[in-house]
$ cat input_30.pdb   # PDB, C-alpha atoms and all ligand atoms
ATOM      1  CA  MET A 296    -101.211  -1.460 -54.885  1.00  0.00           C
ATOM      2  CA  LYS A 297     -99.970   1.766 -53.333  1.00  0.00           C
ATOM      3  CA  THR A 298     -96.459   1.687 -51.986  1.00  0.00           C
ATOM      4  CA  ARG A 299     -95.229   4.036 -49.319  1.00  0.00           C
ATOM      5  CA  PRO A 300     -91.814   5.649 -50.085  1.00  0.00           C
ATOM      6  CA  GLY A 301     -90.167   3.959 -47.094  1.00  0.00           C
ATOM      7  CA  VAL A 302     -91.363   0.564 -48.247  1.00  0.00           C
ATOM      8  CA  CYS A 303     -90.100   1.172 -51.761  1.00  0.00           C
ATOM      9  CA  ARG A 304     -86.626   2.173 -50.568  1.00  0.00           C
ATOM     10  CA  ARG A 305     -86.334  -0.800 -48.232  1.00  0.00           C
ATOM     11  CA  LYS A 306     -87.443  -3.435 -50.694  1.00  0.00           C
ATOM     12  CA  ALA A 307     -85.500  -5.201 -53.396  1.00  0.00           C
ATOM     13  CA  ARG A 308     -86.362  -3.983 -56.864  1.00  0.00           C
ATOM     14  CA  TYR A 309     -86.671  -6.073 -59.983  1.00  0.00           C
ATOM     15  CA  ALA A 310     -86.602  -4.663 -63.462  1.00  0.00           C
ATOM     16  CA  SER A 311     -89.081  -7.176 -64.811  1.00  0.00           C
ATOM     17  CA  VAL A 312     -91.885  -9.353 -63.535  1.00  0.00           C
ATOM     18  CA  ALA A 313     -90.010 -12.411 -64.822  1.00  0.00           C
ATOM     19  CA  GLU A 314     -87.062 -11.577 -62.596  1.00  0.00           C
ATOM     20  CA  ALA A 315     -89.326 -10.990 -59.602  1.00  0.00           C
ATOM     21  CA  LEU A 316     -91.100 -14.289 -60.217  1.00  0.00           C
ATOM     22  CA  THR A 317     -87.793 -16.163 -60.338  1.00  0.00           C
ATOM     23  CA  ILE A 318     -86.952 -14.871 -56.865  1.00  0.00           C
ATOM     24  CA  ALA A 319     -90.477 -15.539 -55.602  1.00  0.00           C
ATOM     25  CA  GLN A 320     -90.318 -19.173 -56.657  1.00  0.00           C
ATOM     26  CA  GLN A 321     -87.133 -19.714 -54.669  1.00  0.00           C
ATOM     27  CA  ALA A 322     -88.618 -18.273 -51.487  1.00  0.00           C
ATOM     28  CA  GLU A 323     -89.967 -20.422 -48.669  1.00  0.00           C
ATOM     29  CA  ILE A 324     -93.053 -18.297 -48.275  1.00  0.00           C
ATOM     30  CA  THR A 325     -95.623 -17.237 -50.838  1.00  0.00           C
ATOM     31  CA  LEU A 326     -94.509 -14.080 -52.513  1.00  0.00           C
ATOM     32  CA  ARG A 327     -96.276 -12.149 -55.171  1.00  0.00           C
ATOM     33  CA  PRO A 328     -94.701  -9.623 -57.509  1.00  0.00           C
ATOM     34  CA  TYR A 329     -96.375  -6.257 -57.897  1.00  0.00           C
ATOM     35  CA  ARG A 330     -95.589  -3.170 -59.883  1.00  0.00           C
ATOM     36  CA  CYS A 331     -94.512  -0.266 -57.732  1.00  0.00           C
ATOM     37  CA  ASN A 332     -96.174   3.042 -58.476  1.00  0.00           C
ATOM     38  CA  LEU A 333     -93.142   4.947 -57.177  1.00  0.00           C
ATOM     39  CA  CYS A 334     -90.110   3.393 -58.854  1.00  0.00           C
ATOM     40  CA  LYS A 335     -92.074   1.702 -61.661  1.00  0.00           C
ATOM     41  CA  GLN A 336     -90.149  -1.471 -61.003  1.00  0.00           C
ATOM     42  CA  TRP A 337     -91.242  -4.687 -59.327  1.00  0.00           C
ATOM     43  CA  HIS A 338     -91.220  -5.618 -55.660  1.00  0.00           C
ATOM     44  CA  LEU A 339     -92.327  -8.756 -53.887  1.00  0.00           C
ATOM     45  CA  THR A 340     -95.003  -8.855 -51.224  1.00  0.00           C
ATOM     46  CA  SER A 341     -96.048 -11.643 -48.906  1.00  0.00           C
ATOM     47  CA  ARG A 342     -99.496 -10.120 -48.613  1.00  0.00           C
ATOM     48  CA  THR A 343    -101.417 -12.299 -51.005  1.00  0.00           C
ATOM     49  CA  LYS A 344    -104.794 -12.078 -49.299  1.00  0.00           C
ATOM     50  CA  GLY A 345    -107.489 -11.144 -51.751  1.00  0.00           C
ATOM     51  CA  MET A 346    -104.992 -11.131 -54.587  1.00  0.00           C
ATOM     52  CA  LYS A 347    -104.635 -13.326 -57.580  1.00  0.00           C
ATOM     53  CA  LEU A 348    -101.906 -15.869 -56.897  1.00  0.00           C
ATOM     54  CA  PRO A 349     -98.962 -16.150 -59.255  1.00  0.00           C
ATOM     55  CA  ALA A 350     -99.215 -19.082 -61.671  1.00  0.00           C
ATOM     56  CA  PHE A 351     -96.380 -21.015 -60.021  1.00  0.00           C
ATOM     57  CA  GLU A 352     -98.106 -20.775 -56.647  1.00  0.00           C
ATOM     58  CA  VAL A 353    -101.391 -22.050 -58.054  1.00  0.00           C
ATOM     59  CA  ALA A 354     -99.525 -25.005 -59.581  1.00  0.00           C
ATOM     60  CA  ARG A 355     -97.692 -25.659 -56.306  1.00  0.00           C
ATOM     61  CA  ARG A 356    -100.926 -25.740 -54.309  1.00  0.00           C
ATOM     62  CA  ARG A 357    -102.591 -27.957 -56.863  1.00  0.00           C
ATOM     63  CA  ALA A 358     -99.672 -30.392 -56.624  1.00  0.00           C
ATOM     64  CA  GLU A 359     -99.908 -30.430 -52.822  1.00  0.00           C
ATOM     65  CA  LYS A 360    -103.588 -31.277 -52.970  1.00  0.00           C
ATOM     66  CA  ALA A 361    -102.908 -34.145 -55.368  1.00  0.00           C
ATOM     67  CA  ASN A 362    -100.599 -35.835 -52.846  1.00  0.00           C
TER      68      ASN A 362
HETATM   69 ZN    ZN A 401     -90.681   0.859 -55.614  1.00  0.00          ZN
END

$ encode --input "input_30.pdb" --output "structure tokens"
Amino acid sequence: MKTRPGVCRRKARYASVAEALTIAQQAEITLRPYRCNLCKQWHLTSRTKGMKLPAFEVARRRAEKAN
């Protein structure tokens, strides 16, 4: 995903995907980590359309369906 410089500056950065995923799991909305091409670190995006969902989100949705 291409990141515009303004978006990169404004967003929180995570040094690793594991760190980004930890934050994503705590969020109320679906967030997906992606590698930024500008800072080479990780940001979170709520735009998950057409993207592969993170494993925890797949598990969460599966659990909701089971109820
Ligand atoms: Zn960035």

$ closest_atom_pairs --input "input_30.pdb" --of "chain A" --to "ligand ZN 401 (chain A)" --cutoff "6 Å" --atoms "all atoms listed in the file" --output "tab-separated table"
residue	atom	partner	partner_atom	distance
A:Cys303	CA	A:ZN401	ZN	3.9
A:Cys331	CA	A:ZN401	ZN	4.5
A:Leu333	CA	A:ZN401	ZN	5.0
A:Cys334	CA	A:ZN401	ZN	4.2
A:Gln336	CA	A:ZN401	ZN	5.9

$ closest_residue --input "input_30.pdb" --among "A:Ala307, A:Val302, A:Ala354, A:Met346" --to "Gln320 (chain A)" --atoms "all atoms listed in the file"
A:Ala354

$ resolve_selection --input "input_30.pdb" --expression "the PyMOL selection byres (((chain A and resi 330) around 10) and not hetatm)" --output "PyMOL selection string"
chain A and resi 296-298+308-312+328-329+331-339

$ atom_distance --input "input_30.pdb" --atom1 "CA of Thr325 (chain A)" --atom2 "CA of Ser341 (chain A)"
5.9 Å

$ atom_distance --input "input_30.pdb" --atom1 "CA of Glu359 (chain A)" --atom2 "CA of Glu323 (chain A)"
14.7 Å

$ atom_distance --input "input_30.pdb" --atom1 "CA of Ile318 (chain A)" --atom2 "CA of Pro349 (chain A)"
12.3 Å

$ residues_around --input "input_30.pdb" --residues "Ile324 (chain A)" --least-positions-apart "2" --cutoff "12 Å" --atoms "only C-alpha atoms" --output "JSON, numbers by chain"
{"A": [318, 319, 320, 321, 322, 326, 327, 339, 340, 341, 342, 343, 352, 355]}

$ decode --input "input_30.pdb" --residues "region 304-318 of chain A" --atoms "all heavy atoms" --output "PDB file, in the first residue's frame"
ATOM      1  N   ARG A 304       3.206  10.752   8.713  1.00  0.00           N
ATOM      2  CA  ARG A 304       3.568  11.611   9.850  1.00  0.00           C
ATOM      3  C   ARG A 304       2.509  11.589  10.930  1.00  0.00           C
ATOM      4  O   ARG A 304       2.801  11.663  12.109  1.00  0.00           O
ATOM      5  CB  ARG A 304       3.754  13.056   9.372  1.00  0.00           C
ATOM      6  CG  ARG A 304       5.181  13.389   8.992  1.00  0.00           C
ATOM      7  CD  ARG A 304       5.435  14.901   9.058  1.00  0.00           C
ATOM      8  NE  ARG A 304       4.441  15.655   8.309  1.00  0.00           N
ATOM      9  CZ  ARG A 304       4.520  15.921   7.010  1.00  0.00           C
ATOM     10  NH1 ARG A 304       5.531  15.487   6.311  1.00  0.00           N
ATOM     11  NH2 ARG A 304       3.588  16.622   6.401  1.00  0.00           N
ATOM     12  N   ARG A 305       1.229  11.540  10.497  1.00  0.00           N
ATOM     13  CA  ARG A 305       0.114  11.648  11.416  1.00  0.00           C
ATOM     14  C   ARG A 305      -0.128  10.347  12.189  1.00  0.00           C
ATOM     15  O   ARG A 305      -0.662  10.362  13.270  1.00  0.00           O
ATOM     16  CB  ARG A 305      -1.136  12.023  10.604  1.00  0.00           C
ATOM     17  CG  ARG A 305      -2.163  12.810  11.377  1.00  0.00           C
ATOM     18  CD  ARG A 305      -3.205  13.395  10.438  1.00  0.00           C
ATOM     19  NE  ARG A 305      -3.830  12.373   9.590  1.00  0.00           N
ATOM     20  CZ  ARG A 305      -3.946  12.459   8.269  1.00  0.00           C
ATOM     21  NH1 ARG A 305      -3.478  13.495   7.638  1.00  0.00           N
ATOM     22  NH2 ARG A 305      -4.537  11.512   7.579  1.00  0.00           N
ATOM     23  N   LYS A 306       0.240   9.255  11.582  1.00  0.00           N
ATOM     24  CA  LYS A 306      -0.100   7.954  12.155  1.00  0.00           C
ATOM     25  C   LYS A 306       0.912   7.478  13.177  1.00  0.00           C
ATOM     26  O   LYS A 306       2.082   7.838  13.122  1.00  0.00           O
ATOM     27  CB  LYS A 306      -0.188   6.908  11.030  1.00  0.00           C
ATOM     28  CG  LYS A 306      -1.447   7.034  10.218  1.00  0.00           C
ATOM     29  CD  LYS A 306      -1.640   5.802   9.377  1.00  0.00           C
ATOM     30  CE  LYS A 306      -3.071   5.732   8.859  1.00  0.00           C
ATOM     31  NZ  LYS A 306      -3.385   4.418   8.322  1.00  0.00           N
ATOM     32  N   ALA A 307       0.412   6.625  14.081  1.00  0.00           N
ATOM     33  CA  ALA A 307       1.322   5.968  15.022  1.00  0.00           C
ATOM     34  C   ALA A 307       2.175   4.972  14.256  1.00  0.00           C
ATOM     35  O   ALA A 307       1.721   4.370  13.286  1.00  0.00           O
ATOM     36  CB  ALA A 307       0.512   5.264  16.092  1.00  0.00           C
ATOM     37  N   ARG A 308       3.409   4.836  14.688  1.00  0.00           N
ATOM     38  CA  ARG A 308       4.318   3.895  14.034  1.00  0.00           C
ATOM     39  C   ARG A 308       4.661   2.767  14.990  1.00  0.00           C
ATOM     40  O   ARG A 308       4.851   2.987  16.174  1.00  0.00           O
ATOM     41  CB  ARG A 308       5.619   4.586  13.626  1.00  0.00           C
ATOM     42  CG  ARG A 308       5.438   5.514  12.473  1.00  0.00           C
ATOM     43  CD  ARG A 308       6.729   6.253  12.201  1.00  0.00           C
ATOM     44  NE  ARG A 308       6.431   7.396  11.328  1.00  0.00           N
ATOM     45  CZ  ARG A 308       7.245   8.414  11.165  1.00  0.00           C
ATOM     46  NH1 ARG A 308       8.394   8.442  11.778  1.00  0.00           N
ATOM     47  NH2 ARG A 308       6.908   9.400  10.370  1.00  0.00           N
ATOM     48  N   TYR A 309       4.778   1.582  14.432  1.00  0.00           N
ATOM     49  CA  TYR A 309       5.159   0.422  15.227  1.00  0.00           C
ATOM     50  C   TYR A 309       6.383  -0.217  14.586  1.00  0.00           C
ATOM     51  O   TYR A 309       6.453  -0.356  13.369  1.00  0.00           O
ATOM     52  CB  TYR A 309       3.998  -0.569  15.318  1.00  0.00           C
ATOM     53  CG  TYR A 309       2.732   0.110  15.819  1.00  0.00           C
ATOM     54  CD1 TYR A 309       1.752   0.530  14.924  1.00  0.00           C
ATOM     55  CD2 TYR A 309       2.570   0.385  17.164  1.00  0.00           C
ATOM     56  CE1 TYR A 309       0.612   1.199  15.370  1.00  0.00           C
ATOM     57  CE2 TYR A 309       1.442   1.055  17.625  1.00  0.00           C
ATOM     58  CZ  TYR A 309       0.467   1.463  16.724  1.00  0.00           C
ATOM     59  OH  TYR A 309      -0.639   2.137  17.163  1.00  0.00           O
ATOM     60  N   ALA A 310       7.298  -0.600  15.422  1.00  0.00           N
ATOM     61  CA  ALA A 310       8.564  -1.130  14.920  1.00  0.00           C
ATOM     62  C   ALA A 310       8.405  -2.523  14.334  1.00  0.00           C
ATOM     63  O   ALA A 310       9.163  -2.936  13.464  1.00  0.00           O
ATOM     64  CB  ALA A 310       9.598  -1.139  16.033  1.00  0.00           C
ATOM     65  N   SER A 311       7.400  -3.244  14.816  1.00  0.00           N
ATOM     66  CA  SER A 311       7.213  -4.608  14.320  1.00  0.00           C
ATOM     67  C   SER A 311       5.735  -4.888  14.088  1.00  0.00           C
ATOM     68  O   SER A 311       4.861  -4.236  14.666  1.00  0.00           O
ATOM     69  CB  SER A 311       7.770  -5.625  15.327  1.00  0.00           C
ATOM     70  OG  SER A 311       6.971  -5.621  16.491  1.00  0.00           O
ATOM     71  N   VAL A 312       5.470  -5.869  13.252  1.00  0.00           N
ATOM     72  CA  VAL A 312       4.087  -6.239  12.979  1.00  0.00           C
ATOM     73  C   VAL A 312       3.429  -6.798  14.231  1.00  0.00           C
ATOM     74  O   VAL A 312       2.238  -6.610  14.460  1.00  0.00           O
ATOM     75  CB  VAL A 312       3.995  -7.219  11.782  1.00  0.00           C
ATOM     76  CG1 VAL A 312       4.615  -8.575  12.102  1.00  0.00           C
ATOM     77  CG2 VAL A 312       2.544  -7.402  11.335  1.00  0.00           C
ATOM     78  N   ALA A 313       4.203  -7.470  15.080  1.00  0.00           N
ATOM     79  CA  ALA A 313       3.663  -8.022  16.320  1.00  0.00           C
ATOM     80  C   ALA A 313       3.131  -6.909  17.223  1.00  0.00           C
ATOM     81  O   ALA A 313       2.051  -7.028  17.810  1.00  0.00           O
ATOM     82  CB  ALA A 313       4.736  -8.825  17.047  1.00  0.00           C
ATOM     83  N   GLU A 314       3.881  -5.834  17.303  1.00  0.00           N
ATOM     84  CA  GLU A 314       3.473  -4.690  18.109  1.00  0.00           C
ATOM     85  C   GLU A 314       2.206  -4.055  17.537  1.00  0.00           C
ATOM     86  O   GLU A 314       1.265  -3.748  18.268  1.00  0.00           O
ATOM     87  CB  GLU A 314       4.622  -3.678  18.117  1.00  0.00           C
ATOM     88  CG  GLU A 314       4.512  -2.638  19.202  1.00  0.00           C
ATOM     89  CD  GLU A 314       5.651  -1.620  19.109  1.00  0.00           C
ATOM     90  OE1 GLU A 314       6.724  -1.944  18.566  1.00  0.00           O
ATOM     91  OE2 GLU A 314       5.432  -0.496  19.578  1.00  0.00           O
ATOM     92  N   ALA A 315       2.169  -3.903  16.226  1.00  0.00           N
ATOM     93  CA  ALA A 315       1.006  -3.321  15.565  1.00  0.00           C
ATOM     94  C   ALA A 315      -0.230  -4.199  15.773  1.00  0.00           C
ATOM     95  O   ALA A 315      -1.330  -3.696  16.010  1.00  0.00           O
ATOM     96  CB  ALA A 315       1.290  -3.139  14.074  1.00  0.00           C
ATOM     97  N   LEU A 316      -0.038  -5.498  15.711  1.00  0.00           N
ATOM     98  CA  LEU A 316      -1.153  -6.425  15.894  1.00  0.00           C
ATOM     99  C   LEU A 316      -1.700  -6.378  17.319  1.00  0.00           C
ATOM    100  O   LEU A 316      -2.901  -6.499  17.536  1.00  0.00           O
ATOM    101  CB  LEU A 316      -0.723  -7.862  15.565  1.00  0.00           C
ATOM    102  CG  LEU A 316      -0.781  -8.247  14.085  1.00  0.00           C
ATOM    103  CD1 LEU A 316      -0.097  -9.596  13.867  1.00  0.00           C
ATOM    104  CD2 LEU A 316      -2.217  -8.300  13.573  1.00  0.00           C
ATOM    105  N   THR A 317      -0.822  -6.195  18.283  1.00  0.00           N
ATOM    106  CA  THR A 317      -1.243  -6.088  19.681  1.00  0.00           C
ATOM    107  C   THR A 317      -2.189  -4.905  19.855  1.00  0.00           C
ATOM    108  O   THR A 317      -3.240  -5.015  20.493  1.00  0.00           O
ATOM    109  CB  THR A 317      -0.019  -5.922  20.601  1.00  0.00           C
ATOM    110  OG1 THR A 317       0.835  -7.052  20.414  1.00  0.00           O
ATOM    111  CG2 THR A 317      -0.420  -5.841  22.055  1.00  0.00           C
ATOM    112  N   ILE A 318      -1.837  -3.781  19.255  1.00  0.00           N
ATOM    113  CA  ILE A 318      -2.678  -2.588  19.319  1.00  0.00           C
ATOM    114  C   ILE A 318      -3.984  -2.825  18.562  1.00  0.00           C
ATOM    115  O   ILE A 318      -5.064  -2.472  19.028  1.00  0.00           O
ATOM    116  CB  ILE A 318      -1.931  -1.363  18.740  1.00  0.00           C
ATOM    117  CG1 ILE A 318      -0.598  -1.134  19.460  1.00  0.00           C
ATOM    118  CG2 ILE A 318      -2.809  -0.109  18.793  1.00  0.00           C
ATOM    119  CD1 ILE A 318      -0.683  -0.869  20.946  1.00  0.00           C
TER     120      ILE A 318
END
